[in-house]
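Participant: TSV, N, CA and C atoms, saved as entry00.tsv, coming up:
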```
chain	number	residue	atom	x	y	z
L	1	MET	N	45.75	143.60	67.41
L	1	MET	CA	45.19	143.57	66.08
L	1	MET	C	46.02	142.75	65.12
L	2	GLU	N	47.24	142.41	65.50
L	2	GLU	CA	48.08	141.55	64.67
L	2	GLU	C	47.36	140.23	64.38
L	3	LEU	N	46.67	139.68	65.39
L	3	LEU	CA	45.94	138.44	65.23
L	3	LEU	C	44.94	138.55	64.09
L	4	PHE	N	44.15	139.59	64.09
L	4	PHE	CA	43.12	139.73	63.07
L	4	PHE	C	43.72	139.92	61.69
L	5	PHE	N	44.80	140.68	61.60
L	5	PHE	CA	45.47	140.89	60.33
L	5	PHE	C	45.97	139.56	59.76
L	6	GLU	N	46.61	138.77	60.60
L	6	GLU	CA	47.15	137.49	60.16
L	6	GLU	C	46.04	136.51	59.79
L	7	LEU	N	44.97	136.49	60.58
L	7	LEU	CA	43.86	135.59	60.27
L	7	LEU	C	43.19	135.97	58.95
L	8	LYS	N	43.05	137.26	58.69
L	8	LYS	CA	42.48	137.69	57.42
L	8	LYS	C	43.31	137.18	56.25
L	9	LYS	N	44.63	137.25	56.39
L	9	LYS	CA	45.53	136.76	55.34
L	9	LYS	C	45.34	135.26	55.10
L	10	LEU	N	44.86	134.55	56.11
L	10	LEU	CA	44.63	133.11	56.01
L	10	LEU	C	43.21	132.79	55.57
L	11	GLY	N	42.43	133.82	55.24
L	11	GLY	CA	41.08	133.60	54.72
L	11	GLY	C	39.95	133.66	55.72
L	12	VAL	N	40.25	134.06	56.95
L	12	VAL	CA	39.22	134.16	57.99
L	12	VAL	C	38.45	135.47	57.81
L	13	ASN	N	37.13	135.39	57.91
L	13	ASN	CA	36.28	136.57	57.76
L	13	ASN	C	36.01	137.17	59.15
L	14	ILE	N	36.96	137.95	59.62
L	14	ILE	CA	36.89	138.54	60.97
L	14	ILE	C	35.62	139.37	61.14
L	15	GLU	N	35.30	140.19	60.15
L	15	GLU	CA	34.14	141.08	60.26
L	15	GLU	C	32.86	140.29	60.49
L	16	GLU	N	32.68	139.22	59.73
L	16	GLU	CA	31.48	138.40	59.87
L	16	GLU	C	31.43	137.73	61.24
L	17	GLY	N	32.57	137.20	61.69
L	17	GLY	CA	32.62	136.57	63.01
L	17	GLY	C	32.32	137.55	64.13
L	18	MET	N	32.88	138.73	64.01
L	18	MET	CA	32.63	139.77	65.03
L	18	MET	C	31.17	140.22	64.99
L	19	GLU	N	30.60	140.31	63.80
L	19	GLU	CA	29.20	140.73	63.67
L	19	GLU	C	28.29	139.74	64.39
L	20	ARG	N	28.60	138.46	64.27
L	20	ARG	CA	27.81	137.43	64.95
L	20	ARG	C	27.81	137.64	66.46
L	21	LEU	N	28.87	138.26	66.96
L	21	LEU	CA	29.01	138.48	68.40
L	21	LEU	C	28.77	139.94	68.77
L	22	CYS	N	28.05	140.65	67.92
L	22	CYS	CA	27.69	142.06	68.16
L	22	CYS	C	28.93	142.92	68.40
L	23	GLY	N	30.02	142.59	67.70
L	23	GLY	CA	31.23	143.40	67.79
L	23	GLY	C	32.05	143.20	69.05
L	24	ASN	N	31.74	142.18	69.82
L	24	ASN	CA	32.44	141.95	71.08
L	24	ASN	C	33.80	141.27	70.81
L	25	GLU	N	34.83	142.07	70.69
L	25	GLU	CA	36.16	141.56	70.35
L	25	GLU	C	36.71	140.64	71.43
L	26	ALA	N	36.49	140.97	72.68
L	26	ALA	CA	37.00	140.12	73.77
L	26	ALA	C	36.37	138.73	73.70
L	27	LEU	N	35.08	138.67	73.42
L	27	LEU	CA	34.40	137.38	73.31
L	27	LEU	C	34.90	136.61	72.09
L	28	TYR	N	35.10	137.31	70.99
L	28	TYR	CA	35.61	136.65	69.78
L	28	TYR	C	36.98	136.04	70.04
L	29	ARG	N	37.86	136.80	70.67
L	29	ARG	CA	39.19	136.28	71.00
L	29	ARG	C	39.09	135.07	71.94
L	30	LYS	N	38.21	135.16	72.92
L	30	LYS	CA	38.03	134.05	73.86
L	30	LYS	C	37.56	132.80	73.12
L	31	LEU	N	36.61	132.96	72.20
L	31	LEU	CA	36.09	131.82	71.46
L	31	LEU	C	37.12	131.24	70.49
L	32	LEU	N	37.99	132.09	69.96
L	32	LEU	CA	39.09	131.58	69.13
L	32	LEU	C	39.98	130.67	69.97
L	33	GLY	N	40.29	131.11	71.19
L	33	GLY	CA	41.09	130.29	72.10
L	33	GLY	C	40.40	128.98	72.45
L	34	THR	N	39.09	129.04	72.65
L	34	THR	CA	38.31	127.84	72.93
L	34	THR	C	38.33	126.89	71.74
L	35	PHE	N	38.27	127.45	70.53
L	35	PHE	CA	38.33	126.63	69.33
L	35	PHE	C	39.65	125.86	69.28
L	36	VAL	N	40.74	126.53	69.55
L	36	VAL	CA	42.06	125.88	69.52
L	36	VAL	C	42.09	124.73	70.53
L	37	LYS	N	41.57	124.97	71.72
L	37	LYS	CA	41.58	123.94	72.75
L	37	LYS	C	40.64	122.79	72.42
L	38	SER	N	39.55	123.07	71.71
L	38	SER	CA	38.54	122.06	71.42
L	38	SER	C	38.86	121.19	70.22
L	39	ILE	N	39.67	121.68	69.31
L	39	ILE	CA	39.87	120.98	68.05
L	39	ILE	C	40.40	119.56	68.26
L	40	ASP	N	41.22	119.35	69.28
L	40	ASP	CA	41.77	118.01	69.53
L	40	ASP	C	40.71	117.03	70.06
L	41	LYS	N	39.60	117.55	70.55
L	41	LYS	CA	38.54	116.69	71.07
L	41	LYS	C	37.76	116.02	69.94
L	42	TYR	N	37.93	116.51	68.72
L	42	TYR	CA	37.16	116.03	67.59
L	42	TYR	C	38.07	115.55	66.45
L	43	PRO	N	38.82	114.47	66.70
L	43	PRO	CA	39.71	113.99	65.64
L	43	PRO	C	38.91	113.42	64.47
L	44	VAL	N	39.33	113.77	63.28
L	44	VAL	CA	38.69	113.25	62.08
L	44	VAL	C	39.68	112.35	61.37
L	45	SER	N	39.38	111.07	61.37
L	45	SER	CA	40.22	110.08	60.71
L	45	SER	C	39.38	109.38	59.66
L	46	ILE	N	39.86	109.40	58.44
L	46	ILE	CA	39.11	108.78	57.34
L	46	ILE	C	40.02	107.77	56.66
L	47	GLU	N	39.74	106.53	56.90
L	47	GLU	CA	40.50	105.45	56.26
L	47	GLU	C	39.53	104.68	55.37
L	48	GLU	N	39.85	104.64	54.10
L	48	GLU	CA	38.98	103.93	53.17
L	48	GLU	C	38.87	102.46	53.58
L	49	GLY	N	37.69	101.92	53.41
L	49	GLY	CA	37.44	100.53	53.75
L	49	GLY	C	36.82	100.36	55.13
L	50	GLU	N	36.74	101.43	55.91
L	50	GLU	CA	36.09	101.33	57.20
L	50	GLU	C	34.61	101.05	56.97
L	51	ALA	N	34.01	100.33	57.89
L	51	ALA	CA	32.60	99.99	57.76
L	51	ALA	C	31.70	101.17	58.12
L	52	ASP	N	32.19	102.04	58.98
L	52	ASP	CA	31.33	103.10	59.50
L	52	ASP	C	32.15	104.39	59.65
L	53	TYR	N	31.60	105.45	59.10
L	53	TYR	CA	32.26	106.77	59.20
L	53	TYR	C	31.50	107.71	60.12
L	54	LYS	N	30.68	107.13	61.01
L	54	LYS	CA	29.84	107.95	61.88
L	54	LYS	C	30.67	108.89	62.75
L	55	GLU	N	31.71	108.36	63.41
L	55	GLU	CA	32.52	109.21	64.29
L	55	GLU	C	33.22	110.31	63.49
L	56	ALA	N	33.78	109.96	62.35
L	56	ALA	CA	34.44	110.97	61.50
L	56	ALA	C	33.43	112.02	61.05
L	57	THR	N	32.24	111.59	60.67
L	57	THR	CA	31.20	112.53	60.23
L	57	THR	C	30.78	113.43	61.38
L	58	ASP	N	30.53	112.84	62.55
L	58	ASP	CA	30.11	113.62	63.72
L	58	ASP	C	31.19	114.63	64.12
L	59	ASN	N	32.44	114.20	64.13
L	59	ASN	CA	33.52	115.11	64.52
L	59	ASN	C	33.74	116.20	63.49
L	60	ALA	N	33.66	115.86	62.22
L	60	ALA	CA	33.78	116.88	61.17
L	60	ALA	C	32.64	117.88	61.27
L	61	HIS	N	31.46	117.39	61.61
L	61	HIS	CA	30.30	118.28	61.76
L	61	HIS	C	30.50	119.23	62.94
L	62	ALA	N	31.08	118.74	64.03
L	62	ALA	CA	31.35	119.59	65.20
L	62	ALA	C	32.35	120.69	64.85
L	63	ILE	N	33.42	120.31	64.15
L	63	ILE	CA	34.43	121.31	63.74
L	63	ILE	C	33.82	122.32	62.79
L	64	LYS	N	33.03	121.83	61.85
L	64	LYS	CA	32.35	122.71	60.90
L	64	LYS	C	31.52	123.76	61.65
L	65	GLY	N	30.77	123.32	62.65
L	65	GLY	CA	29.93	124.25	63.41
L	65	GLY	C	30.72	125.30	64.16
L	66	MET	N	31.78	124.86	64.84
L	66	MET	CA	32.61	125.81	65.58
L	66	MET	C	33.27	126.80	64.62
L	67	ALA	N	33.81	126.28	63.53
L	67	ALA	CA	34.49	127.14	62.56
L	67	ALA	C	33.51	128.11	61.90
L	68	GLY	N	32.32	127.64	61.63
L	68	GLY	CA	31.30	128.50	61.02
L	68	GLY	C	30.90	129.64	61.93
L	69	ASN	N	30.73	129.35	63.20
L	69	ASN	CA	30.35	130.39	64.16
L	69	ASN	C	31.40	131.49	64.26
L	70	LEU	N	32.66	131.12	64.07
L	70	LEU	CA	33.76	132.09	64.17
L	70	LEU	C	34.19	132.63	62.81
L	71	SER	N	33.52	132.18	61.75
L	71	SER	CA	33.85	132.57	60.37
L	71	SER	C	35.29	132.23	60.01
L	72	LEU	N	35.73	131.06	60.47
L	72	LEU	CA	37.02	130.53	60.06
L	72	LEU	C	36.77	129.84	58.72
L	73	THR	N	36.57	130.66	57.71
L	73	THR	CA	36.02	130.26	56.42
L	73	THR	C	36.71	129.06	55.78
L	74	PRO	N	38.03	129.03	55.67
L	74	PRO	CA	38.64	127.86	55.02
L	74	PRO	C	38.33	126.55	55.74
L	75	ILE	N	38.35	126.58	57.05
L	75	ILE	CA	38.06	125.38	57.84
L	75	ILE	C	36.58	125.02	57.70
L	76	PHE	N	35.71	126.00	57.82
L	76	PHE	CA	34.27	125.76	57.69
L	76	PHE	C	33.94	125.14	56.33
L	77	GLU	N	34.46	125.72	55.26
L	77	GLU	CA	34.13	125.23	53.93
L	77	GLU	C	34.65	123.81	53.71
L	78	ALA	N	35.86	123.53	54.16
L	78	ALA	CA	36.43	122.19	53.98
L	78	ALA	C	35.65	121.15	54.77
L	79	TYR	N	35.36	121.44	56.03
L	79	TYR	CA	34.65	120.46	56.84
L	79	TYR	C	33.19	120.31	56.41
L	80	SER	N	32.61	121.35	55.86
L	80	SER	CA	31.26	121.22	55.28
L	80	SER	C	31.30	120.20	54.14
L	81	ARG	N	32.31	120.33	53.31
L	81	ARG	CA	32.46	119.41	52.18
L	81	ARG	C	32.76	117.99	52.67
L	82	ILE	N	33.60	117.87	53.68
L	82	ILE	CA	33.91	116.55	54.23
L	82	ILE	C	32.65	115.87	54.75
L	83	VAL	N	31.85	116.60	55.51
L	83	VAL	CA	30.60	116.03	56.03
L	83	VAL	C	29.71	115.58	54.89
L	84	ASP	N	29.54	116.43	53.89
L	84	ASP	CA	28.68	116.08	52.75
L	84	ASP	C	29.21	114.84	52.02
L	85	LEU	N	30.52	114.78	51.81
L	85	LEU	CA	31.11	113.64	51.11
L	85	LEU	C	30.97	112.35	51.90
L	86	LEU	N	31.19	112.42	53.20
L	86	LEU	CA	31.03	111.21	54.02
L	86	LEU	C	29.59	110.73	54.02
L	87	ARG	N	28.66	111.66	54.12
L	87	ARG	CA	27.24	111.28	54.10
L	87	ARG	C	26.83	110.72	52.74
L	88	ALA	N	27.51	111.15	51.70
L	88	ALA	CA	27.22	110.67	50.35
L	88	ALA	C	27.96	109.36	50.03
L	89	GLY	N	28.77	108.89	50.97
L	89	GLY	CA	29.48	107.63	50.77
L	89	GLY	C	30.73	107.75	49.92
L	90	ASP	N	31.39	108.90	50.00
L	90	ASP	CA	32.61	109.12	49.22
L	90	ASP	C	33.80	109.42	50.15
L	91	PRO	N	34.24	108.43	50.92
L	91	PRO	CA	35.32	108.68	51.88
L	91	PRO	C	36.66	109.02	51.21
L	92	GLY	N	36.89	108.54	50.01
L	92	GLY	CA	38.15	108.82	49.32
L	92	GLY	C	38.33	110.30	49.05
L	93	THR	N	37.29	110.93	48.52
L	93	THR	CA	37.35	112.36	48.25
L	93	THR	C	37.36	113.15	49.57
L	94	ALA	N	36.59	112.68	50.55
L	94	ALA	CA	36.57	113.34	51.87
L	94	ALA	C	37.97	113.34	52.48
L	95	LYS	N	38.67	112.23	52.35
L	95	LYS	CA	40.02	112.13	52.89
L	95	LYS	C	40.96	113.11	52.18
L	96	ALA	N	40.80	113.25	50.87
L	96	ALA	CA	41.64	114.19	50.10
L	96	ALA	C	41.37	115.63	50.55
L	97	VAL	N	40.11	115.98	50.80
L	97	VAL	CA	39.77	117.32	51.28
L	97	VAL	C	40.37	117.54	52.66
L	98	LEU	N	40.29	116.54	53.51
L	98	LEU	CA	40.87	116.64	54.85
L	98	LEU	C	42.38	116.86	54.77
L	99	GLU	N	43.05	116.10	53.93
L	99	GLU	CA	44.49	116.25	53.78
L	99	GLU	C	44.87	117.64	53.26
L	100	ASP	N	44.02	118.21	52.41
L	100	ASP	CA	44.28	119.55	51.88
L	100	ASP	C	44.09	120.64	52.93
L	101	ILE	N	43.10	120.47	53.82
L	101	ILE	CA	42.80	121.53	54.79
L	101	ILE	C	43.72	121.47	56.01
L	102	LEU	N	44.27	120.33	56.34
L	102	LEU	CA	45.05	120.22	57.58
L	102	LEU	C	46.22	121.21	57.65
L	103	PRO	N	47.00	121.44	56.58
L	103	PRO	CA	48.07	122.45	56.69
L	103	PRO	C	47.52	123.86	56.91
L	104	VAL	N	46.41	124.18	56.28
L	104	VAL	CA	45.79	125.50	56.45
L	104	VAL	C	45.26	125.62	57.87
L	105	GLN	N	44.60	124.57	58.32
L	105	GLN	CA	44.07	124.54	59.68
L	105	GLN	C	45.20	124.75	60.69
L	106	GLU	N	46.31	124.10	60.47
L	106	GLU	CA	47.45	124.23	61.38
L	106	GLU	C	47.98	125.67	61.40
L	107	LYS	N	48.01	126.31	60.25
L	107	LYS	CA	48.45	127.71	60.20
L	107	LYS	C	47.51	128.61	60.99
L	108	ILE	N	46.20	128.38	60.85
L	108	ILE	CA	45.21	129.19	61.57
L	108	ILE	C	45.34	128.95	63.08
L	109	LEU	N	45.44	127.68	63.47
L	109	LEU	CA	45.58	127.37	64.90
L	109	LEU	C	46.86	127.95	65.48
L	110	SER	N	47.96	127.85	64.73
L	110	SER	CA	49.24	128.41	65.19
L	110	SER	C	49.16	129.92	65.32
L	111	CYS	N	48.51	130.55	64.38
L	111	CYS	CA	48.34	132.00	64.42
L	111	CYS	C	47.58	132.43	65.67
L	112	ILE	N	46.50	131.71	65.96
L	112	ILE	CA	45.71	132.04	67.15
L	112	ILE	C	46.55	131.82	68.40
L	113	GLU	N	47.19	130.66	68.50
L	113	GLU	CA	48.00	130.37	69.69
L	113	GLU	C	49.09	131.38	69.90
L	114	LYS	N	49.79	131.73	68.83
L	114	LYS	CA	50.90	132.67	68.90
L	114	LYS	C	50.45	134.04	69.40
L	115	ASN	N	49.29	134.47	68.95
L	115	ASN	CA	48.81	135.81	69.25
L	115	ASN	C	47.95	135.87	70.51
L	116	MET	N	47.71	134.74	71.15
L	116	MET	CA	46.88	134.74	72.35
L	116	MET	C	47.73	134.66	73.60
L	117	GLN	N	49.02	134.57	73.45
L	117	GLN	CA	49.90	134.43	74.63
L	117	GLN	C	50.07	135.75	75.33
```
Do you think you could lay out the structure here as structure tokens?

Facilitator:
Amino acid sequence: MELFFELKKLGVNIEEGMERLCGNEALYRKLLGTFVKSIDKYPVSIEEGEADYKEATDNAHAIKGMAGNLSLTPIFEAYSRIVDLLRAGDPGTAKAVLEDILPVQEKILSCIEKNMQ
């Protein structure tokens, strides 16, 4: 339960995530581990002046979906905003949002990794 306590402190809505999985704690923990392993598959790089942000948008959308399913609220909200900003043609603001969420994301990922060993 240390994992859930720490994640709550980081803004994760454990109750909502568990509800989505009908209270199956083992499945929720497994999916958290899968999220940690999957996050590197979807790198989001936003450099102003690029001609196309399709890959960044697609990868941010993938992370948003995974985070939303697990109610990793800070990550979900940030990547939702990043996707919207990229689609609206505002990569500068999207990059700022990404830079703001990365330290929080790292804390959440570290918490999961530490407590899943």

Participant: So how far away is atom CA of L:Ile112 from atom CA of L:Glu2, in Å?

Facilitator: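 Separation between atom CA of L:Glu2 and atom CA of L:Ile112: 10.1 Å.
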
Participant: Which residue gives the smallest distance to L:Cys111 among L:Phe35, L:Lys54, L:Asn59, L:Leu7, with only N, CA and C atoms counted?

Facilitator: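 The answer is L:Leu7, which sits nearest to L:Cys111.
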
Participant: Which one is closest to L:Val44: L:Lys114, L:Pro103, L:His61, L:Ala56? Count all atoms listed in the file.

Facilitator: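 Going through L:Lys114, L:Pro103, L:His61, L:Ala56 one by one, the smallest distance to L:Val44 is for L:Ala56.
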
Participant: What does the distance between atom CA of L:Tyr79 and atom N of L:Glu48 come to in Å, to one decimal place?

Facilitator: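 Distance between the two atoms: 16.9 Å.
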
Participant: My list of candidates is L:Asn24, L:Thr57, L:Ser71, L:Ser45. Which is closest to L:Ile108 when distances are computed with only C-alpha atoms?

Facilitator: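 Selected residue with least distance to L:Ile108: L:Ser71.
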